[in-house]
Amino acid sequence: MDKPKVAIVKTGEMKGNAEFMPPIKKYRRYAEDVDAIEAAVAKAMELTLGSVDNLIKPGQNVLIKPNLAFNAPPESYAVVDPRTVEAVTRYFKQNSKAGRVVVGDNPSLGKHVGRANIAFKTSGMEEAARLGGADEVIYFDEQPTVDVDVPTGKAFKKYKVFKPFLDADVVINLPKMKVHLAKTVTLGLANWQGIGPNYHPSQDGIDGKGLHMWQQGQHRNDINAKVVDEYRIRKADWTIIDGVIAMEGQGPHAGEPVEMNMIVAGVDTVAVDAVAGWVMGFETDEISAIRMAYTEGLGERRMDYIDHVGVDPASVRRFFRRANNDPVGMYAGLDVFTQQSCPGCYVNIRGALDSFVISGIDFNEFRNKVGDCVFVSGGLPDFDPEFARGKTLFVIGDCWEYFPTSENIRQAIELAKEVIYRPGCTPVYIFSQINGDLQGLYNQAMAGD
Ligand code: SF4
């Protein structure tokens with residue numbers, strides 16, 4: 001069997017990066033940067049498939065699916081670079097014989113808990129797609145869904161999928177190169193988060209506890225199995241990772257940018273992810289989704305069994321700072337108790353607290369005015385309810401009620417100054433919601449001065 005080809009192509013220096021990177025952190029589009037990225041895309045296509053005509057037949061409908069995980073601006077570095085969205089769109093629009101080229105996604109998180117219309121605009125991707133000549137920008141969350149069976153799924157057997165994703169003749173997978181609190185990295189496989197809807201627990205269509213939130217379900221120890229199951233539904237036809245500016249540290253949302261000026265591309269998403277992850281300083285068996293996709297026969301992860309075309313991976317390897325997913329002891333006055341909690345809750349609490357602390361808030365003022373907060377989830381056999389006395393208590397998730405130790409939390413609820421419930425299993429939405437809750441408490445306290 002032929003080895004899958006994976007291309008690394010450097011874009012060269014980006015003029016706009018001088019302003020885009022810290023300390024200025026101001027996104028600016030220069031035409032020559034978009035041209036340079038498009039040239040890299042063309043080179044990667046030539047190296048991996050010879051010609052775009054080997055990927056797209058005349059008249060076919062092409063969907064470009066970027067990573068629009070958050071309602072966040074380009075300066076967050078958490079979403080695909082608008083320059084890359086424009087370059088990829090323009091490349092396919094001008095060089096293929098596609099009937100239509102559209103850009104579509106559904107963000108999973110953000111202050112608005114995932115509204116595509118808002119997030120496409122905030123991220124700059126909507127304008128970029130239009131500049132690139134996209135026939136349409138599709139807000140997936142305004143589209144019909146199709147129920148699909150996933151008979152070989154390990155995390156789920158049924159899934160709701162947006163119809164435009166299934167209807168596309170060719171799907172271009174356009175993730176961003178980032179580390180991730182729960183998935184180690186987020187690359188091509190993880191970018192299928194977004195093919196299905198998410199709901200806020202207050203919305204209709206779920207059971208009121210957030211137990212059937214599709215995209216936001218199975219985000220516990222089964223998060224990587226979920227990602228692989230999503231990928232089983234429909235493979236990408238070509239994956240191209242935006243590594244112009246990558247993210248290390250507290251990714252996928254609160255990390256620091258890393259200027260890599262590269263793209264990584266190929267047909268086999270697993271192999272593309274393996275190469276990109278290796279370039280980021282991970283061994284391919286450190287990344288659960290890549291490992292699992294390989295053992296399930298969905299692609300290649302072994303570096304020796306990949307045909308490396310373009311730049312030698314070893315020449316561009318850089319060891320990215322890993323994300324730490326433990327919220328315990330991170331911020332004085334934000335005390336977290338997760339003795340028998342799974343990552344579904346504690347990782348998202350950590351993500352939420354990181355979001356809050358980098359939001360520009362005066363943390364000392366917050367402590368002075370609001371006081372201490374206590375966060376609890378899961379089973380807490382050795383938790384002293386007195387910790388919550390007179391404080392703001394956040395009760396996270398659903399499973400605490402089923403533990404024999406639930407009485408500890410019930411007592412804490414009685415002793416707390418204020419209680420904020422964030423139910424769900426997994427309560428992924430708390431990633432943004434708790435940040436909003438804390439900011440609300442702060443604003444309320446300031447207004448009362
Ligand atoms: S509610 Fe319990 S099982 Fe569900 S994600 Fe939270 S800790 Fe895990």
# chains A, B, ... in the order shown; residues from 1 in each chain; ligands from 1
>>> select_by_dssp(residues="range 214-403 of chain A", states="strand (DSSP E)", output="ChimeraX atom specification")
/A:238-248,256-266,307-310,334-337,373-377,392-396
>>> closest_atom_pairs(of="chain A", to="ligand 1", cutoff="10 Å", atoms="only C-alpha atoms and all ligand atoms", output="CSV")
residue,atom,partner,partner_atom_place_in_ligand_line,distance
A:Leu211,CA,ligand 1,4 (Fe),9.1
A:Gly217,CA,ligand 1,5 (S),8.9
A:Gln218,CA,ligand 1,5 (S),8.2
A:His219,CA,ligand 1,5 (S),7.0
A:Arg220,CA,ligand 1,5 (S),5.3
A:Asn221,CA,ligand 1,8 (Fe),7.9
A:Asp222,CA,ligand 1,5 (S),9.9
A:Thr338,CA,ligand 1,7 (S),7.9
A:Gln339,CA,ligand 1,7 (S),9.5
A:Gln340,CA,ligand 1,7 (S),7.2
A:Ser341,CA,ligand 1,7 (S),4.0
A:Cys342,CA,ligand 1,8 (Fe),4.1
A:Pro343,CA,ligand 1,8 (Fe),6.2
A:Gly344,CA,ligand 1,5 (S),3.8
A:Cys345,CA,ligand 1,6 (Fe),4.2
A:Tyr346,CA,ligand 1,7 (S),7.1
A:Val347,CA,ligand 1,5 (S),9.3
A:Asn348,CA,ligand 1,5 (S),9.0
A:Val376,CA,ligand 1,7 (S),9.4
A:Ser377,CA,ligand 1,7 (S),5.8
A:Gly378,CA,ligand 1,7 (S),4.6
A:Gly379,CA,ligand 1,7 (S),8.0
A:Val395,CA,ligand 1,1 (S),10.0
A:Ile396,CA,ligand 1,6 (Fe),6.8
A:Gly397,CA,ligand 1,1 (S),3.7
A:Asp398,CA,ligand 1,1 (S),4.2
A:Cys399,CA,ligand 1,2 (Fe),4.2
A:Trp400,CA,ligand 1,2 (Fe),6.4
A:Glu401,CA,ligand 1,1 (S),9.1
A:Tyr402,CA,ligand 1,2 (Fe),9.2
A:Phe403,CA,ligand 1,2 (Fe),9.6
A:Arg422,CA,ligand 1,1 (S),9.7
A:Pro423,CA,ligand 1,1 (S),7.4
A:Gly424,CA,ligand 1,1 (S),6.1
A:Cys425,CA,ligand 1,4 (Fe),3.8
A:Thr426,CA,ligand 1,5 (S),4.1
A:Pro427,CA,ligand 1,5 (S),6.4
A:Val428,CA,ligand 1,5 (S),8.3
>>> atom_distance(atom1="CA of Met247 in chain A", atom2="CA of Met21 in chain A")
11.5 Å
>>> atom_distance(atom1="CA of Arg130 in chain A", atom2="CA of Phe165 in chain A")
19.3 Å
>>> residues_around(residues="range 150-162 of chain A", least_positions_apart="4", cutoff="10 Å", atoms="only C-alpha atoms", output="ChimeraX atom specification")
/A:105-106,139-146,166-167,194-198,212-215,217-219,221-233,296
>>> write_last_selection(atoms="C-alpha atoms", output="PDB file, in the first residue's frame")
ATOM      1  CA  ASP A 105     -19.160  25.729  10.345  1.00  0.00           C
ATOM      2  CA  ASN A 106     -20.879  25.752  13.709  1.00  0.00           C
ATOM      3  CA  TYR A 139     -24.169  29.222   9.289  1.00  0.00           C
ATOM      4  CA  PHE A 140     -24.549  25.556  10.067  1.00  0.00           C
ATOM      5  CA  ASP A 141     -26.699  26.200  13.127  1.00  0.00           C
ATOM      6  CA  GLU A 142     -29.370  27.688  10.867  1.00  0.00           C
ATOM      7  CA  GLN A 143     -29.412  24.583   8.650  1.00  0.00           C
ATOM      8  CA  PRO A 144     -31.422  21.370   8.856  1.00  0.00           C
ATOM      9  CA  THR A 145     -29.841  18.301  10.397  1.00  0.00           C
ATOM     10  CA  VAL A 146     -29.873  14.644   9.403  1.00  0.00           C
ATOM     11  CA  LEU A 166     -23.311  15.618   4.242  1.00  0.00           C
ATOM     12  CA  ASP A 167     -24.456  17.097   0.934  1.00  0.00           C
ATOM     13  CA  GLY A 194     -18.849  21.540  14.435  1.00  0.00           C
ATOM     14  CA  ILE A 195     -20.512  19.091  12.050  1.00  0.00           C
ATOM     15  CA  GLY A 196     -23.325  18.645  14.565  1.00  0.00           C
ATOM     16  CA  PRO A 197     -25.407  21.067  16.591  1.00  0.00           C
ATOM     17  CA  ASN A 198     -24.858  22.160  20.136  1.00  0.00           C
ATOM     18  CA  HIS A 212     -28.164  15.214  24.581  1.00  0.00           C
ATOM     19  CA  MET A 213     -26.180  18.107  23.308  1.00  0.00           C
ATOM     20  CA  TRP A 214     -24.549  16.195  20.450  1.00  0.00           C
ATOM     21  CA  GLN A 215     -21.448  18.227  19.840  1.00  0.00           C
ATOM     22  CA  GLY A 217     -21.919  15.498  24.708  1.00  0.00           C
ATOM     23  CA  GLN A 218     -19.309  12.781  25.281  1.00  0.00           C
ATOM     24  CA  HIS A 219     -16.742  15.337  26.360  1.00  0.00           C
ATOM     25  CA  ASN A 221     -12.912  10.612  29.236  1.00  0.00           C
ATOM     26  CA  ASP A 222     -14.622   9.746  25.953  1.00  0.00           C
ATOM     27  CA  ILE A 223     -13.821  13.044  24.234  1.00  0.00           C
ATOM     28  CA  ASN A 224     -11.247  11.534  21.904  1.00  0.00           C
ATOM     29  CA  ALA A 225     -13.466   8.574  21.093  1.00  0.00           C
ATOM     30  CA  LYS A 226     -16.151  11.098  20.213  1.00  0.00           C
ATOM     31  CA  VAL A 227     -13.825  12.937  17.876  1.00  0.00           C
ATOM     32  CA  VAL A 228     -12.978   9.693  16.117  1.00  0.00           C
ATOM     33  CA  ASP A 229     -16.651   8.726  15.902  1.00  0.00           C
ATOM     34  CA  GLU A 230     -17.437  12.071  14.313  1.00  0.00           C
ATOM     35  CA  TYR A 231     -14.723  11.406  11.793  1.00  0.00           C
ATOM     36  CA  ARG A 232     -16.210   7.995  10.950  1.00  0.00           C
ATOM     37  CA  ILE A 233     -19.359   9.764   9.722  1.00  0.00           C
ATOM     38  CA  GLU A 296      -9.400   1.708  14.060  1.00  0.00           C
TER      39      GLU A 296
END
>>> decode(residues="range 91-138 of chain A", atoms="N, CA and C atoms", output="PDB file, in the first residue's frame")
ATOM      1  N   TYR A  91      -8.042  29.941  -3.588  1.00  0.00           N
ATOM      2  CA  TYR A  91      -7.340  28.889  -4.335  1.00  0.00           C
ATOM      3  C   TYR A  91      -8.340  27.944  -5.008  1.00  0.00           C
ATOM      4  N   PHE A  92      -9.295  27.461  -4.229  1.00  0.00           N
ATOM      5  CA  PHE A  92     -10.252  26.504  -4.812  1.00  0.00           C
ATOM      6  C   PHE A  92     -11.195  27.195  -5.792  1.00  0.00           C
ATOM      7  N   LYS A  93     -11.548  28.408  -5.492  1.00  0.00           N
ATOM      8  CA  LYS A  93     -12.478  29.127  -6.367  1.00  0.00           C
ATOM      9  C   LYS A  93     -11.841  29.379  -7.739  1.00  0.00           C
ATOM     10  N   GLN A  94     -10.566  29.746  -7.731  1.00  0.00           N
ATOM     11  CA  GLN A  94      -9.938  30.162  -8.995  1.00  0.00           C
ATOM     12  C   GLN A  94      -9.217  29.033  -9.723  1.00  0.00           C
ATOM     13  N   ASN A  95      -8.907  27.970  -9.010  1.00  0.00           N
ATOM     14  CA  ASN A  95      -8.091  26.932  -9.648  1.00  0.00           C
ATOM     15  C   ASN A  95      -8.822  25.622  -9.908  1.00  0.00           C
ATOM     16  N   SER A  96      -9.969  25.447  -9.296  1.00  0.00           N
ATOM     17  CA  SER A  96     -10.696  24.194  -9.520  1.00  0.00           C
ATOM     18  C   SER A  96     -11.872  24.443 -10.459  1.00  0.00           C
ATOM     19  N   LYS A  97     -12.467  23.339 -10.902  1.00  0.00           N
ATOM     20  CA  LYS A  97     -13.653  23.457 -11.759  1.00  0.00           C
ATOM     21  C   LYS A  97     -14.927  23.219 -10.943  1.00  0.00           C
ATOM     22  N   ALA A  98     -14.830  23.532  -9.659  1.00  0.00           N
ATOM     23  CA  ALA A  98     -15.983  23.338  -8.761  1.00  0.00           C
ATOM     24  C   ALA A  98     -17.189  24.144  -9.234  1.00  0.00           C
ATOM     25  N   GLY A  99     -18.365  23.602  -8.974  1.00  0.00           N
ATOM     26  CA  GLY A  99     -19.580  24.349  -9.264  1.00  0.00           C
ATOM     27  C   GLY A  99     -19.771  25.465  -8.256  1.00  0.00           C
ATOM     28  N   ARG A 100     -19.602  25.095  -6.975  1.00  0.00           N
ATOM     29  CA  ARG A 100     -19.729  26.076  -5.895  1.00  0.00           C
ATOM     30  C   ARG A 100     -18.641  25.808  -4.867  1.00  0.00           C
ATOM     31  N   VAL A 101     -18.172  26.879  -4.248  1.00  0.00           N
ATOM     32  CA  VAL A 101     -17.240  26.757  -3.126  1.00  0.00           C
ATOM     33  C   VAL A 101     -17.855  27.529  -1.963  1.00  0.00           C
ATOM     34  N   VAL A 102     -18.186  26.820  -0.896  1.00  0.00           N
ATOM     35  CA  VAL A 102     -18.815  27.470   0.252  1.00  0.00           C
ATOM     36  C   VAL A 102     -17.965  27.245   1.490  1.00  0.00           C
ATOM     37  N   VAL A 103     -18.167  28.103   2.471  1.00  0.00           N
ATOM     38  CA  VAL A 103     -17.462  27.990   3.760  1.00  0.00           C
ATOM     39  C   VAL A 103     -18.534  27.853   4.834  1.00  0.00           C
ATOM     40  N   GLY A 104     -18.426  26.840   5.673  1.00  0.00           N
ATOM     41  CA  GLY A 104     -19.458  26.660   6.692  1.00  0.00           C
ATOM     42  C   GLY A 104     -18.931  25.993   7.946  1.00  0.00           C
ATOM     43  N   ASP A 105     -19.524  26.370   9.071  1.00  0.00           N
ATOM     44  CA  ASP A 105     -19.160  25.729  10.345  1.00  0.00           C
ATOM     45  C   ASP A 105     -20.184  26.112  11.415  1.00  0.00           C
ATOM     46  N   ASN A 106     -20.058  25.461  12.542  1.00  0.00           N
ATOM     47  CA  ASN A 106     -20.879  25.752  13.709  1.00  0.00           C
ATOM     48  C   ASN A 106     -19.958  25.817  14.913  1.00  0.00           C
ATOM     49  N   PRO A 107     -19.774  26.991  15.507  1.00  0.00           N
ATOM     50  CA  PRO A 107     -18.864  27.069  16.652  1.00  0.00           C
ATOM     51  C   PRO A 107     -19.436  26.332  17.847  1.00  0.00           C
ATOM     52  N   SER A 108     -18.568  25.759  18.630  1.00  0.00           N
ATOM     53  CA  SER A 108     -19.055  24.995  19.775  1.00  0.00           C
ATOM     54  C   SER A 108     -19.169  25.870  21.009  1.00  0.00           C
ATOM     55  N   LEU A 109     -18.358  26.882  21.098  1.00  0.00           N
ATOM     56  CA  LEU A 109     -18.301  27.644  22.340  1.00  0.00           C
ATOM     57  C   LEU A 109     -18.184  29.127  22.078  1.00  0.00           C
ATOM     58  N   GLY A 110     -18.261  29.878  23.125  1.00  0.00           N
ATOM     59  CA  GLY A 110     -18.126  31.328  23.001  1.00  0.00           C
ATOM     60  C   GLY A 110     -19.112  31.996  23.911  1.00  0.00           C
ATOM     61  N   LYS A 111     -19.009  33.292  23.999  1.00  0.00           N
ATOM     62  CA  LYS A 111     -19.894  34.008  24.907  1.00  0.00           C
ATOM     63  C   LYS A 111     -21.351  33.792  24.529  1.00  0.00           C
ATOM     64  N   HIS A 112     -21.593  33.517  23.279  1.00  0.00           N
ATOM     65  CA  HIS A 112     -22.960  33.293  22.840  1.00  0.00           C
ATOM     66  C   HIS A 112     -23.248  31.797  22.698  1.00  0.00           C
ATOM     67  N   VAL A 113     -22.431  30.981  23.297  1.00  0.00           N
ATOM     68  CA  VAL A 113     -22.568  29.527  23.251  1.00  0.00           C
ATOM     69  C   VAL A 113     -22.836  29.062  21.816  1.00  0.00           C
ATOM     70  N   GLY A 114     -22.056  29.547  20.937  1.00  0.00           N
ATOM     71  CA  GLY A 114     -22.044  28.980  19.608  1.00  0.00           C
ATOM     72  C   GLY A 114     -23.115  29.457  18.670  1.00  0.00           C
ATOM     73  N   ARG A 115     -23.025  30.693  18.219  1.00  0.00           N
ATOM     74  CA  ARG A 115     -23.912  31.151  17.160  1.00  0.00           C
ATOM     75  C   ARG A 115     -23.036  31.455  15.962  1.00  0.00           C
ATOM     76  N   ALA A 116     -23.266  30.732  14.877  1.00  0.00           N
ATOM     77  CA  ALA A 116     -22.352  30.820  13.736  1.00  0.00           C
ATOM     78  C   ALA A 116     -22.353  32.211  13.112  1.00  0.00           C
ATOM     79  N   ASN A 117     -23.540  32.801  13.000  1.00  0.00           N
ATOM     80  CA  ASN A 117     -23.648  34.110  12.380  1.00  0.00           C
ATOM     81  C   ASN A 117     -22.717  35.119  13.072  1.00  0.00           C
ATOM     82  N   ILE A 118     -22.786  35.132  14.388  1.00  0.00           N
ATOM     83  CA  ILE A 118     -21.975  36.082  15.158  1.00  0.00           C
ATOM     84  C   ILE A 118     -20.493  35.710  15.064  1.00  0.00           C
ATOM     85  N   ALA A 119     -20.220  34.425  15.253  1.00  0.00           N
ATOM     86  CA  ALA A 119     -18.817  33.990  15.319  1.00  0.00           C
ATOM     87  C   ALA A 119     -18.103  34.163  13.976  1.00  0.00           C
ATOM     88  N   PHE A 120     -18.805  33.929  12.880  1.00  0.00           N
ATOM     89  CA  PHE A 120     -18.174  34.126  11.574  1.00  0.00           C
ATOM     90  C   PHE A 120     -17.755  35.582  11.392  1.00  0.00           C
ATOM     91  N   LYS A 121     -18.583  36.476  11.903  1.00  0.00           N
ATOM     92  CA  LYS A 121     -18.260  37.898  11.755  1.00  0.00           C
ATOM     93  C   LYS A 121     -17.140  38.303  12.718  1.00  0.00           C
ATOM     94  N   THR A 122     -17.279  37.901  13.997  1.00  0.00           N
ATOM     95  CA  THR A 122     -16.277  38.283  14.999  1.00  0.00           C
ATOM     96  C   THR A 122     -14.883  37.807  14.609  1.00  0.00           C
ATOM     97  N   SER A 123     -14.810  36.602  14.073  1.00  0.00           N
ATOM     98  CA  SER A 123     -13.513  35.994  13.768  1.00  0.00           C
ATOM     99  C   SER A 123     -12.856  36.579  12.529  1.00  0.00           C
ATOM    100  N   GLY A 124     -13.615  37.337  11.766  1.00  0.00           N
ATOM    101  CA  GLY A 124     -13.086  37.860  10.499  1.00  0.00           C
ATOM    102  C   GLY A 124     -13.177  36.864   9.367  1.00  0.00           C
ATOM    103  N   MET A 125     -13.689  35.671   9.654  1.00  0.00           N
ATOM    104  CA  MET A 125     -13.734  34.627   8.618  1.00  0.00           C
ATOM    105  C   MET A 125     -14.783  34.923   7.554  1.00  0.00           C
ATOM    106  N   GLU A 126     -15.873  35.571   7.958  1.00  0.00           N
ATOM    107  CA  GLU A 126     -16.920  35.839   6.971  1.00  0.00           C
ATOM    108  C   GLU A 126     -16.389  36.777   5.880  1.00  0.00           C
ATOM    109  N   GLU A 127     -15.770  37.849   6.332  1.00  0.00           N
ATOM    110  CA  GLU A 127     -15.219  38.791   5.355  1.00  0.00           C
ATOM    111  C   GLU A 127     -14.132  38.107   4.520  1.00  0.00           C
ATOM    112  N   ALA A 128     -13.316  37.291   5.181  1.00  0.00           N
ATOM    113  CA  ALA A 128     -12.233  36.606   4.467  1.00  0.00           C
ATOM    114  C   ALA A 128     -12.792  35.669   3.397  1.00  0.00           C
ATOM    115  N   ALA A 129     -13.839  34.926   3.761  1.00  0.00           N
ATOM    116  CA  ALA A 129     -14.439  34.004   2.793  1.00  0.00           C
ATOM    117  C   ALA A 129     -14.990  34.772   1.593  1.00  0.00           C
ATOM    118  N   ARG A 130     -15.601  35.886   1.864  1.00  0.00           N
ATOM    119  CA  ARG A 130     -16.171  36.677   0.760  1.00  0.00           C
ATOM    120  C   ARG A 130     -15.047  37.293  -0.095  1.00  0.00           C
ATOM    121  N   LEU A 131     -13.998  37.775   0.575  1.00  0.00           N
ATOM    122  CA  LEU A 131     -12.854  38.292  -0.194  1.00  0.00           C
ATOM    123  C   LEU A 131     -12.256  37.194  -1.079  1.00  0.00           C
ATOM    124  N   GLY A 132     -12.296  35.971  -0.585  1.00  0.00           N
ATOM    125  CA  GLY A 132     -11.764  34.844  -1.348  1.00  0.00           C
ATOM    126  C   GLY A 132     -12.692  34.375  -2.447  1.00  0.00           C
ATOM    127  N   GLY A 133     -13.889  34.933  -2.489  1.00  0.00           N
ATOM    128  CA  GLY A 133     -14.814  34.598  -3.567  1.00  0.00           C
ATOM    129  C   GLY A 133     -15.786  33.475  -3.250  1.00  0.00           C
ATOM    130  N   ALA A 134     -15.972  33.147  -1.977  1.00  0.00           N
ATOM    131  CA  ALA A 134     -16.898  32.071  -1.605  1.00  0.00           C
ATOM    132  C   ALA A 134     -18.291  32.353  -2.158  1.00  0.00           C
ATOM    133  N   ASP A 135     -18.939  31.310  -2.638  1.00  0.00           N
ATOM    134  CA  ASP A 135     -20.306  31.482  -3.138  1.00  0.00           C
ATOM    135  C   ASP A 135     -21.282  31.711  -1.999  1.00  0.00           C
ATOM    136  N   GLU A 136     -20.927  31.222  -0.817  1.00  0.00           N
ATOM    137  CA  GLU A 136     -21.823  31.388   0.331  1.00  0.00           C
ATOM    138  C   GLU A 136     -21.056  31.098   1.611  1.00  0.00           C
ATOM    139  N   VAL A 137     -21.427  31.806   2.662  1.00  0.00           N
ATOM    140  CA  VAL A 137     -20.962  31.434   4.007  1.00  0.00           C
ATOM    141  C   VAL A 137     -22.164  30.823   4.701  1.00  0.00           C
ATOM    142  N   ILE A 138     -22.036  29.584   5.119  1.00  0.00           N
ATOM    143  CA  ILE A 138     -23.191  28.850   5.663  1.00  0.00           C
ATOM    144  C   ILE A 138     -23.091  28.778   7.177  1.00  0.00           C
TER     145      ILE A 138
END
